[in-house]
>>> print(open('upload.cif').read())   # mmCIF, C-alpha atoms
data_structure
#
loop_
_atom_site.label_atom_id
_atom_site.label_comp_id
_atom_site.auth_asym_id
_atom_site.auth_seq_id
_atom_site.Cartn_x
_atom_site.Cartn_y
_atom_site.Cartn_z
CA MET O 255 0.00 0.00 0.00
CA LYS O 256 1.33 3.38 -0.96
CA ALA O 257 1.72 5.99 1.77
CA GLU O 258 0.38 8.63 -0.62
CA TYR O 259 -3.08 7.10 -0.27
CA ILE O 260 -2.98 8.16 3.36
CA ASN O 261 -2.85 11.89 2.63
CA PRO O 262 -6.44 12.28 1.35
CA PHE O 263 -7.70 10.69 4.58
CA TYR O 264 -5.56 12.90 6.74
CA LYS O 265 -6.52 16.05 4.83
CA ALA O 266 -10.23 15.14 4.96
CA THR O 267 -10.01 14.47 8.70
CA GLU O 268 -8.25 17.75 9.33
CA ASP O 269 -10.87 19.71 7.31
CA VAL O 270 -13.90 17.99 8.81
CA PHE O 271 -12.63 18.35 12.39
CA LYS O 272 -12.03 22.05 11.79
CA THR O 273 -15.40 22.71 10.13
CA MET O 274 -17.65 20.52 12.24
CA LEU O 275 -15.89 20.54 15.61
CA ASP O 276 -13.67 23.64 15.59
CA LEU O 277 -10.72 21.40 16.41
CA GLU O 278 -7.18 21.36 15.07
CA THR O 279 -5.64 17.94 14.48
CA GLU O 280 -2.00 17.09 14.82
CA ARG O 281 -0.65 14.05 13.05
CA GLY O 282 1.76 11.69 14.75
CA ASP O 283 4.15 9.23 13.11
CA LEU O 284 2.68 6.63 10.82
CA ASP O 285 3.28 3.02 11.64
CA ILE O 286 2.38 -0.35 10.23
CA VAL O 287 0.11 -2.69 12.13
CA GLU O 288 -0.18 -6.40 11.42
CA ASP O 289 -3.83 -6.63 12.20
CA MET O 290 -6.65 -4.11 12.31
CA ILE O 291 -7.75 -3.97 15.89
CA ALA O 292 -10.38 -1.68 17.29
CA GLY O 293 -8.20 -0.29 20.04
CA ASN O 294 -10.76 2.08 21.53
CA GLU O 295 -14.36 1.93 22.71
CA ALA O 296 -15.96 3.61 19.70
CA ASN O 297 -14.98 2.37 16.27
CA VAL O 298 -16.27 3.09 12.81
CA ILE O 299 -15.47 0.82 9.89
CA ILE O 300 -15.93 2.02 6.35
CA GLY O 301 -15.44 -0.21 3.36
CA MET O 302 -13.98 1.14 0.17
CA THR O 303 -14.59 -0.18 -3.32
CA GLY O 304 -13.28 0.75 -6.76
CA GLN O 305 -9.76 1.35 -8.01
CA LEU O 306 -8.65 1.29 -4.40
CA TYR O 307 -10.41 -1.16 -2.15
CA GLY O 308 -10.22 -2.21 1.45
CA THR O 309 -11.16 -0.96 4.87
CA ILE O 310 -10.79 2.21 6.90
CA LEU O 311 -11.12 2.05 10.67
CA TYR O 312 -11.64 5.15 12.80
CA SER O 313 -11.10 4.49 16.48
CA PHE O 314 -12.04 6.88 19.31
CA SER O 315 -12.15 6.69 23.09
CA ARG O 316 -15.50 6.90 24.85
CA ASP O 317 -14.69 10.31 26.36
CA MET O 318 -13.57 11.81 23.09
CA THR O 319 -16.67 10.54 21.30
CA LEU O 320 -18.96 12.04 23.95
CA GLU O 321 -17.11 15.35 23.73
CA MET O 322 -17.33 15.40 19.91
CA VAL O 323 -21.08 14.93 20.06
CA ARG O 324 -21.35 17.53 22.81
CA ILE O 325 -19.56 20.05 20.57
CA MET O 326 -21.93 19.29 17.69
CA SER O 327 -25.19 19.19 19.63
CA GLY O 328 -24.42 21.67 22.39
CA MET O 329 -25.76 19.07 24.84
CA GLU O 330 -24.00 16.95 27.42
CA MET O 331 -23.82 13.29 26.43
CA GLU O 332 -23.46 10.53 28.99
CA LYS O 333 -23.29 7.27 27.14
CA LEU O 334 -22.42 5.69 23.83
CA ASP O 335 -26.05 5.24 22.79
CA SER O 336 -27.40 5.01 19.25
CA PHE O 337 -27.59 8.80 18.93
CA VAL O 338 -23.92 9.25 19.82
CA THR O 339 -22.58 6.32 17.78
CA SER O 340 -24.71 7.23 14.77
CA ALA O 341 -23.43 10.84 14.85
CA LEU O 342 -19.87 9.48 15.09
CA GLY O 343 -20.51 7.10 12.20
CA GLU O 344 -21.77 9.99 10.08
CA VAL O 345 -18.69 12.10 10.86
CA ALA O 346 -16.46 9.20 9.72
CA ASN O 347 -18.70 8.80 6.68
CA ILE O 348 -18.29 12.49 5.79
CA ILE O 349 -14.50 12.28 6.23
CA SER O 350 -14.31 9.19 4.01
CA GLY O 351 -16.60 10.76 1.41
CA ASN O 352 -14.36 13.82 1.25
CA ALA O 353 -11.26 11.61 0.99
CA VAL O 354 -12.87 9.82 -1.97
CA THR O 355 -13.49 13.22 -3.59
CA TYR O 356 -9.82 14.15 -3.14
CA LEU O 357 -8.82 10.80 -4.67
CA ALA O 358 -11.18 11.44 -7.60
CA ASN O 359 -9.37 14.74 -8.19
CA GLU O 360 -6.22 12.62 -8.59
CA ASN O 361 -8.10 10.42 -11.08
CA VAL O 362 -8.51 7.55 -8.64
CA SER O 363 -12.10 6.41 -8.73
CA CYS O 364 -13.52 4.84 -5.54
CA ASP O 365 -16.70 4.60 -3.58
CA ILE O 366 -17.54 3.94 0.06
CA VAL O 367 -20.10 1.73 1.72
CA PRO O 368 -22.17 2.98 4.70
CA PRO O 369 -20.41 3.05 8.07
CA GLN O 370 -20.59 0.25 10.56
CA VAL O 371 -20.12 1.25 14.19
CA ILE O 372 -18.58 -1.17 16.69
CA VAL O 373 -18.67 -0.35 20.38
CA GLY O 374 -16.14 -2.21 22.52
CA GLU O 375 -12.40 -2.52 22.78
CA ASN O 376 -9.85 -4.88 21.28
CA LYS O 377 -12.02 -6.51 18.71
CA SER O 378 -10.06 -7.68 15.75
CA ILE O 379 -11.87 -6.62 12.64
CA SER O 380 -9.36 -7.98 10.22
CA MET O 381 -11.00 -9.39 7.14
CA ALA O 382 -8.00 -11.22 5.77
CA THR O 383 -6.66 -7.91 4.62
CA GLU O 384 -3.02 -7.13 4.40
CA LYS O 385 -1.24 -4.95 6.91
CA ALA O 386 -2.72 -1.59 7.78
CA LEU O 387 -1.17 1.85 8.10
CA ARG O 388 -2.04 3.52 11.36
CA ILE O 389 -2.30 7.31 11.59
CA PRO O 390 -2.31 8.55 15.19
CA LEU O 391 -3.97 11.95 15.60
CA LYS O 392 -4.04 14.39 18.46
CA THR O 393 -6.62 17.07 19.28
CA ASP O 394 -7.40 19.25 22.29
CA ILE O 395 -10.09 16.80 23.38
CA GLY O 396 -8.08 13.61 23.00
CA GLU O 397 -6.22 11.28 20.72
CA PHE O 398 -7.65 8.94 18.13
CA GLU O 399 -6.45 6.87 15.23
CA ILE O 400 -7.26 5.98 11.69
CA ASN O 401 -6.21 2.61 10.28
CA VAL O 402 -6.11 2.37 6.54
CA SER O 403 -5.86 -0.93 4.76
CA ILE O 404 -6.44 -0.44 1.08
CA ARG O 405 -4.90 -1.77 -2.07
CA GLU O 406 -5.03 -1.19 -5.77
CA LYS O 407 -7.30 -3.23 -7.94
CA GLU O 408 -5.29 -5.38 -10.30
CA MET Z 208 -26.44 23.75 18.13
CA TRP Z 209 -26.59 26.83 15.87
CA LYS Z 210 -23.38 28.82 15.47
CA GLU Z 211 -22.95 32.26 13.90
CA LYS Z 212 -20.20 30.89 11.65
CA TYR Z 213 -22.83 28.74 9.89
CA LYS Z 214 -24.33 31.84 8.26
CA ILE Z 215 -23.78 32.08 4.52
CA GLY Z 216 -24.74 35.76 4.22
CA VAL Z 217 -28.05 35.31 2.36
CA GLN Z 218 -30.80 36.29 4.77
CA ILE Z 219 -33.61 33.96 3.75
CA ILE Z 220 -31.31 30.92 3.71
CA ASP Z 221 -29.73 31.83 7.04
CA GLU Z 222 -33.18 32.24 8.62
CA GLN Z 223 -34.28 28.86 7.31
CA HIS Z 224 -31.07 27.23 8.52
CA GLU Z 225 -31.55 28.69 11.99
CA GLU Z 226 -35.11 27.40 12.09
CA LEU Z 227 -33.93 23.97 10.94
CA PHE Z 228 -31.23 23.89 13.63
CA ARG Z 229 -33.78 24.98 16.26
CA ARG Z 230 -36.11 22.16 15.28
CA VAL Z 231 -33.34 19.58 15.15
CA THR Z 232 -32.16 20.74 18.59
CA ASP Z 233 -35.69 20.30 19.97
CA PHE Z 234 -35.87 16.93 18.30
CA ILE Z 235 -32.58 15.78 19.86
CA LYS Z 236 -33.63 17.08 23.27
CA THR Z 237 -36.81 15.03 23.05
CA VAL Z 238 -35.06 11.94 21.71
CA GLN Z 239 -32.29 12.11 24.34
CA GLY Z 240 -34.63 13.26 27.12
CA GLN Z 241 -35.67 11.52 30.28
CA GLY Z 242 -38.92 9.72 30.90
CA GLU Z 243 -40.81 6.96 29.18
CA TRP Z 244 -40.24 6.64 25.45
CA GLU Z 245 -43.97 6.28 24.80
CA THR Z 246 -44.69 9.70 26.32
CA ARG Z 247 -41.94 11.36 24.24
CA LEU Z 248 -43.00 9.66 21.04
CA ASP Z 249 -45.83 12.07 20.13
CA LYS Z 250 -43.44 14.99 20.17
CA VAL Z 251 -40.92 12.96 18.14
CA LYS Z 252 -43.51 12.18 15.46
CA GLU Z 253 -44.72 15.79 15.38
CA THR Z 254 -41.17 17.11 14.86
CA LEU Z 255 -40.51 14.49 12.19
CA GLU Z 256 -43.63 15.54 10.30
CA PHE Z 257 -42.65 19.20 10.47
CA MET Z 258 -39.09 18.52 9.33
CA LYS Z 259 -40.13 16.35 6.42
CA GLU Z 260 -42.02 19.31 4.96
CA TYR Z 261 -39.64 22.00 6.06
CA VAL Z 262 -36.58 20.30 4.61
CA VAL Z 263 -38.28 20.16 1.20
CA THR Z 264 -39.34 23.84 1.44
CA HIS Z 265 -35.82 24.82 2.41
CA PHE Z 266 -34.09 22.71 -0.26
CA ASN Z 267 -36.42 24.22 -2.88
CA ALA Z 268 -35.61 27.76 -1.72
CA GLU Z 269 -31.90 27.03 -1.77
CA GLU Z 270 -32.04 25.43 -5.21
CA ALA Z 271 -34.09 28.37 -6.56
CA LEU Z 272 -31.49 30.81 -5.25
CA GLN Z 273 -28.71 28.79 -6.88
CA ARG Z 274 -30.47 28.85 -10.24
CA LYS Z 275 -31.16 32.57 -9.93
CA VAL Z 276 -27.50 33.43 -9.40
CA ASN Z 277 -26.26 30.74 -11.82
CA PHE Z 278 -24.32 28.97 -9.11
CA PRO Z 279 -21.91 26.73 -11.08
CA GLU Z 280 -22.31 23.71 -8.78
CA HIS Z 281 -26.10 23.86 -8.53
CA GLU Z 282 -26.65 20.49 -10.18
CA GLU Z 283 -24.24 18.72 -7.80
CA HIS Z 284 -25.80 20.49 -4.85
CA LYS Z 285 -29.25 19.38 -5.94
CA GLN Z 286 -27.97 15.79 -6.12
CA ILE Z 287 -26.73 16.04 -2.53
CA HIS Z 288 -30.21 17.22 -1.48
CA GLU Z 289 -31.84 14.38 -3.42
CA ARG Z 290 -29.60 11.76 -1.81
CA PHE Z 291 -30.40 13.16 1.62
CA LYS Z 292 -34.16 13.10 0.92
CA GLU Z 293 -33.76 9.47 -0.17
CA GLU Z 294 -32.01 8.59 3.08
CA VAL Z 295 -34.70 10.32 5.13
CA GLY Z 296 -37.27 8.40 3.08
CA GLN Z 297 -35.52 5.13 3.90
CA TYR Z 298 -35.70 5.91 7.62
CA ALA Z 299 -39.37 6.89 7.26
CA ALA Z 300 -40.02 3.50 5.64
CA ARG Z 301 -38.15 1.71 8.44
CA PHE Z 302 -40.19 3.61 11.07
CA GLU Z 303 -43.35 2.41 9.35
CA GLU Z 304 -42.15 -1.19 9.11
CA GLU Z 305 -40.19 -1.66 12.32
CA GLY Z 306 -41.95 0.91 14.48
CA TYR Z 307 -40.53 4.03 16.10
CA SER Z 308 -38.17 2.34 18.54
CA GLU Z 309 -36.04 4.62 20.70
CA GLU Z 310 -32.88 3.09 19.26
CA LEU Z 311 -33.84 3.61 15.62
CA VAL Z 312 -35.03 7.19 16.22
CA GLN Z 313 -31.76 7.93 18.07
CA GLU Z 314 -29.80 6.53 15.14
CA PHE Z 315 -31.73 8.78 12.75
CA ALA Z 316 -31.28 11.85 14.99
CA GLY Z 317 -27.49 11.32 15.23
CA LYS Z 318 -27.10 11.01 11.50
CA LEU Z 319 -29.41 13.97 10.83
CA MET Z 320 -27.48 16.24 13.19
CA ALA Z 321 -24.04 15.42 11.77
CA TRP Z 322 -25.30 15.60 8.19
CA LEU Z 323 -26.95 18.98 8.76
CA ILE Z 324 -23.91 20.50 10.46
CA ASN Z 325 -21.58 19.39 7.68
CA HIS Z 326 -24.00 20.46 4.94
CA VAL Z 327 -24.51 23.95 6.35
CA ALA Z 328 -20.97 24.49 7.68
CA ALA Z 329 -19.18 23.22 4.57
CA THR Z 330 -21.33 22.59 1.47
CA ASP Z 331 -23.70 25.58 1.75
CA GLN Z 332 -20.85 27.97 2.49
CA LYS Z 333 -19.86 27.67 -1.17
CA ILE Z 334 -23.15 29.34 -2.17
CA GLY Z 335 -22.40 32.22 0.21
CA GLU Z 336 -18.87 32.60 -1.15
CA TYR Z 337 -20.19 32.64 -4.71
CA VAL Z 338 -22.90 35.23 -3.99
CA GLU Z 339 -20.30 37.38 -2.26
CA SER Z 340 -17.96 37.14 -5.25
CA LEU Z 341 -20.82 38.35 -7.50
CA GLU Z 342 -21.44 41.33 -5.26
CA GLU Z 343 -17.76 42.20 -5.27
CA THR Z 344 -17.52 42.23 -9.05
CA GLY Z 345 -20.87 44.02 -9.31
CA ASN Z 346 -22.33 41.36 -11.59
CA GLU Z 347 -25.34 40.57 -9.51
CA SER Z 348 -28.39 40.16 -11.66
#
>>> encode(input="upload.cif", output="structure tokens")
Amino acid sequence: MKAEYINPFYKATEDVFKTMLDLETERGDLDIVEDMIAGNEANVIIGMTGQLYGTILYSFSRDMTLEMVRIMSGMEMEKLDSFVTSALGEVANIISGNAVTYLANENVSCDIVPPQVIVGENKSISMATEKALRIPLKTDIGEFEINVSIREKE
Amino acid sequence: MWKEKYKIGVQIIDEQHEELFRRVTDFIKTVQGQGEWETRLDKVKETLEFMKEYVVTHFNAEEALQRKVNFPEHEEHKQIHERFKEEVGQYAARFEEEGYSEELVQEFAGKLMAWLINHVAATDQKIGEYVESLEETGNES
């Protein structure tokens, strides 16, 4: 997997966090993970199809998720209920949709499938994919990560 | 939920957006509120009915404005509205089939909120920027 495929996801995340949450994101060092594991309590999986295909995993802590939804709604949130996880899923969906648009501008044609939200830690969601690239990200309300496992269609 | 930065600078659209945000806020408050679900359900259904109509009214107004000023991306923007209406329609169908469970209504409310914020804070801003550029060059017609 080429590292350049990571940039559209990072750029989309940065833009969406700024626009929707008024948050700056700082990117840490990329690393390679053997297996895609949902390392936090709130995880969103988005499948990608087309010239590039595979899986994107967005993984957030419970506290960060609640704070993100508080920023959006202006209301205190107490638990990871369907309202909170659905809002989180939509944010990840918007980020991925924007990333696909950036890829299209580079003449790479892809599509995404609707988000699937998984609540609970340390679930392996590997679907016999190859290794994933992990992007750690830091914001004022916490850290989260994006795992990207995509490859080119032969 | 409403923020001043969401304004696009066209009064009628901004007023409609504020109204939409007010209604969605009320809706979320009811959905996430305390008390028995059954007692909150009437208010939920009432807000849903209002929004179904209001969203169409608002989308029409926004699309009319875009045509009037020859907004270059008006066709794409209309497609985004159409896709959203389809998704709302799919939820409406699920409510009819599966019933208005608290979980399903919460799911809808979460998606609606995030979609609306992104649409108004990002996508609709392009209309505002375009209208402003027309005013600057004095080409408004």
>>> interface_residues(input="upload.cif", of="chain Z", to="chain O", cutoff="12 Å", atoms="all atoms listed in the file", output="number ranges by chain")
Z: 208-210, 212-213, 228-229, 231-240, 294, 308-330, 332
>>> atom_distance(input="upload.cif", atom1="atom CA of Leu334 of chain O", atom2="atom CA of Arg230 of chain Z")
23.1 Å
>>> atom_distance(input="upload.cif", atom1="atom CA of Ala346 of chain O", atom2="atom CA of Ile299 of chain O")
8.4 Å
>>> atom_distance(input="upload.cif", atom1="atom CA of Glu278 of chain O", atom2="atom CA of Leu391 of chain O")
10.0 Å
>>> residues_around(input="upload.cif", residues="Thr393 of chain O", least_positions_apart="4", cutoff="7 Å", atoms="all atoms listed in the file", output="count of residues only")
5
>>> residues_around(input="upload.cif", residues="Tyr264 of chain O", least_positions_apart="4", cutoff="9 Å", atoms="all atoms listed in the file", output="short mmCIF file (atom, residue, chain, number, x, y, z; two decimals) with C-alpha atoms, keeping the file's coordinate frame")
data_model
loop_
_atom_site.label_atom_id
_atom_site.label_comp_id
_atom_site.auth_asym_id
_atom_site.auth_seq_id
_atom_site.Cartn_x
_atom_site.Cartn_y
_atom_site.Cartn_z
CA ILE O 260 -2.98 8.16 3.36
CA GLU O 268 -8.25 17.75 9.33
CA ASP O 269 -10.87 19.71 7.31
CA ARG O 281 -0.65 14.05 13.05
CA ILE O 349 -14.50 12.28 6.23
CA ALA O 353 -11.26 11.61 0.99
CA ILE O 389 -2.30 7.31 11.59
CA ILE O 400 -7.26 5.98 11.69
#
>>> resolve_selection(input="upload.cif", expression="the PyMOL selection byres ((chain O and resi 305-318) around 8)", output="ChimeraX atom specification")
/O:290,292-304,319-322,334,346,362-364,383,395-407
>>> build_atoms(input="upload.cif", residues="segment 313-324 of chain O", atoms="all heavy atoms", output="mmCIF file, keeping the file's coordinate frame")
data_model
loop_
_atom_site.group_PDB
_atom_site.id
_atom_site.type_symbol
_atom_site.label_atom_id
_atom_site.label_comp_id
_atom_site.auth_asym_id
_atom_site.auth_seq_id
_atom_site.Cartn_x
_atom_site.Cartn_y
_atom_site.Cartn_z
ATOM 1 N N SER O 313 -10.981 5.013 15.121
ATOM 2 C CA SER O 313 -11.100 4.490 16.480
ATOM 3 C C SER O 313 -10.949 5.600 17.525
ATOM 4 O O SER O 313 -9.926 6.278 17.575
ATOM 5 C CB SER O 313 -10.034 3.404 16.659
ATOM 6 O OG SER O 313 -10.189 2.763 17.886
ATOM 7 N N PHE O 314 -12.003 5.789 18.335
ATOM 8 C CA PHE O 314 -12.040 6.880 19.310
ATOM 9 C C PHE O 314 -12.307 6.339 20.716
ATOM 10 O O PHE O 314 -12.995 5.332 20.883
ATOM 11 C CB PHE O 314 -13.185 7.857 18.997
ATOM 12 C CG PHE O 314 -13.131 8.474 17.630
ATOM 13 C CD1 PHE O 314 -13.688 7.827 16.532
ATOM 14 C CD2 PHE O 314 -12.530 9.711 17.437
ATOM 15 C CE1 PHE O 314 -13.652 8.397 15.269
ATOM 16 C CE2 PHE O 314 -12.485 10.290 16.180
ATOM 17 C CZ PHE O 314 -13.047 9.632 15.091
ATOM 18 N N SER O 315 -11.818 7.064 21.705
ATOM 19 C CA SER O 315 -12.150 6.690 23.090
ATOM 20 C C SER O 315 -13.591 7.118 23.369
ATOM 21 O O SER O 315 -14.162 7.948 22.654
ATOM 22 C CB SER O 315 -11.219 7.393 24.072
ATOM 23 O OG SER O 315 -11.520 8.782 24.098
ATOM 24 N N ARG O 316 -14.149 6.557 24.434
ATOM 25 C CA ARG O 316 -15.500 6.900 24.850
ATOM 26 C C ARG O 316 -15.587 8.403 25.141
ATOM 27 O O ARG O 316 -16.484 9.088 24.657
ATOM 28 C CB ARG O 316 -15.848 6.077 26.090
ATOM 29 C CG ARG O 316 -17.166 6.413 26.717
ATOM 30 C CD ARG O 316 -17.358 5.618 28.013
ATOM 31 N NE ARG O 316 -18.582 6.023 28.665
ATOM 32 C CZ ARG O 316 -18.667 7.059 29.484
ATOM 33 N NH1 ARG O 316 -17.603 7.770 29.771
ATOM 34 N NH2 ARG O 316 -19.822 7.366 30.031
ATOM 35 N N ASP O 317 -14.635 8.901 25.954
ATOM 36 C CA ASP O 317 -14.690 10.310 26.360
ATOM 37 C C ASP O 317 -14.582 11.256 25.171
ATOM 38 O O ASP O 317 -15.278 12.266 25.108
ATOM 39 C CB ASP O 317 -13.561 10.623 27.356
ATOM 40 C CG ASP O 317 -13.845 10.003 28.717
ATOM 41 O OD1 ASP O 317 -14.973 9.487 28.910
ATOM 42 O OD2 ASP O 317 -12.941 10.016 29.576
ATOM 43 N N MET O 318 -13.716 10.934 24.243
ATOM 44 C CA MET O 318 -13.570 11.810 23.090
ATOM 45 C C MET O 318 -14.846 11.815 22.248
ATOM 46 O O MET O 318 -15.287 12.862 21.773
ATOM 47 C CB MET O 318 -12.367 11.400 22.236
ATOM 48 C CG MET O 318 -12.181 12.346 21.066
ATOM 49 S SD MET O 318 -10.608 12.157 20.227
ATOM 50 C CE MET O 318 -10.874 13.345 18.884
ATOM 51 N N THR O 319 -15.432 10.643 22.076
ATOM 52 C CA THR O 319 -16.670 10.540 21.300
ATOM 53 C C THR O 319 -17.778 11.392 21.937
ATOM 54 O O THR O 319 -18.470 12.153 21.252
ATOM 55 C CB THR O 319 -17.136 9.067 21.230
ATOM 56 O OG1 THR O 319 -16.071 8.296 20.701
ATOM 57 C CG2 THR O 319 -18.369 8.916 20.355
ATOM 58 N N LEU O 320 -17.926 11.268 23.252
ATOM 59 C CA LEU O 320 -18.960 12.040 23.950
ATOM 60 C C LEU O 320 -18.723 13.540 23.796
ATOM 61 O O LEU O 320 -19.657 14.315 23.608
ATOM 62 C CB LEU O 320 -19.013 11.656 25.437
ATOM 63 C CG LEU O 320 -19.445 10.219 25.748
ATOM 64 C CD1 LEU O 320 -19.382 9.966 27.250
ATOM 65 C CD2 LEU O 320 -20.847 9.919 25.214
ATOM 66 N N GLU O 321 -17.445 13.931 23.847
ATOM 67 C CA GLU O 321 -17.110 15.350 23.730
ATOM 68 C C GLU O 321 -17.372 15.854 22.296
ATOM 69 O O GLU O 321 -17.854 16.965 22.102
ATOM 70 C CB GLU O 321 -15.654 15.571 24.157
ATOM 71 C CG GLU O 321 -15.159 17.008 24.132
ATOM 72 C CD GLU O 321 -15.934 17.978 25.021
ATOM 73 O OE1 GLU O 321 -16.701 17.540 25.894
ATOM 74 O OE2 GLU O 321 -15.760 19.201 24.814
ATOM 75 N N MET O 322 -17.061 15.014 21.303
ATOM 76 C CA MET O 322 -17.330 15.400 19.910
ATOM 77 C C MET O 322 -18.819 15.656 19.700
ATOM 78 O O MET O 322 -19.219 16.631 19.068
ATOM 79 C CB MET O 322 -16.876 14.283 18.950
ATOM 80 C CG MET O 322 -15.366 14.219 18.746
ATOM 81 S SD MET O 322 -14.879 12.655 17.962
ATOM 82 C CE MET O 322 -15.504 12.893 16.300
ATOM 83 N N VAL O 323 -19.634 14.782 20.251
ATOM 84 C CA VAL O 323 -21.080 14.930 20.060
ATOM 85 C C VAL O 323 -21.613 16.094 20.894
ATOM 86 O O VAL O 323 -22.543 16.782 20.483
ATOM 87 C CB VAL O 323 -21.819 13.598 20.355
ATOM 88 C CG1 VAL O 323 -23.316 13.753 20.208
ATOM 89 C CG2 VAL O 323 -21.320 12.508 19.417
ATOM 90 N N ARG O 324 -20.960 16.355 22.026
ATOM 91 C CA ARG O 324 -21.350 17.530 22.810
ATOM 92 C C ARG O 324 -21.064 18.801 22.017
ATOM 93 O O ARG O 324 -21.883 19.719 21.974
ATOM 94 C CB ARG O 324 -20.608 17.581 24.152
ATOM 95 C CG ARG O 324 -21.164 18.648 25.105
ATOM 96 C CD ARG O 324 -20.200 18.997 26.234
ATOM 97 N NE ARG O 324 -18.964 19.597 25.747
ATOM 98 C CZ ARG O 324 -18.832 20.874 25.374
ATOM 99 N NH1 ARG O 324 -19.863 21.689 25.443
ATOM 100 N NH2 ARG O 324 -17.686 21.328 24.917
#
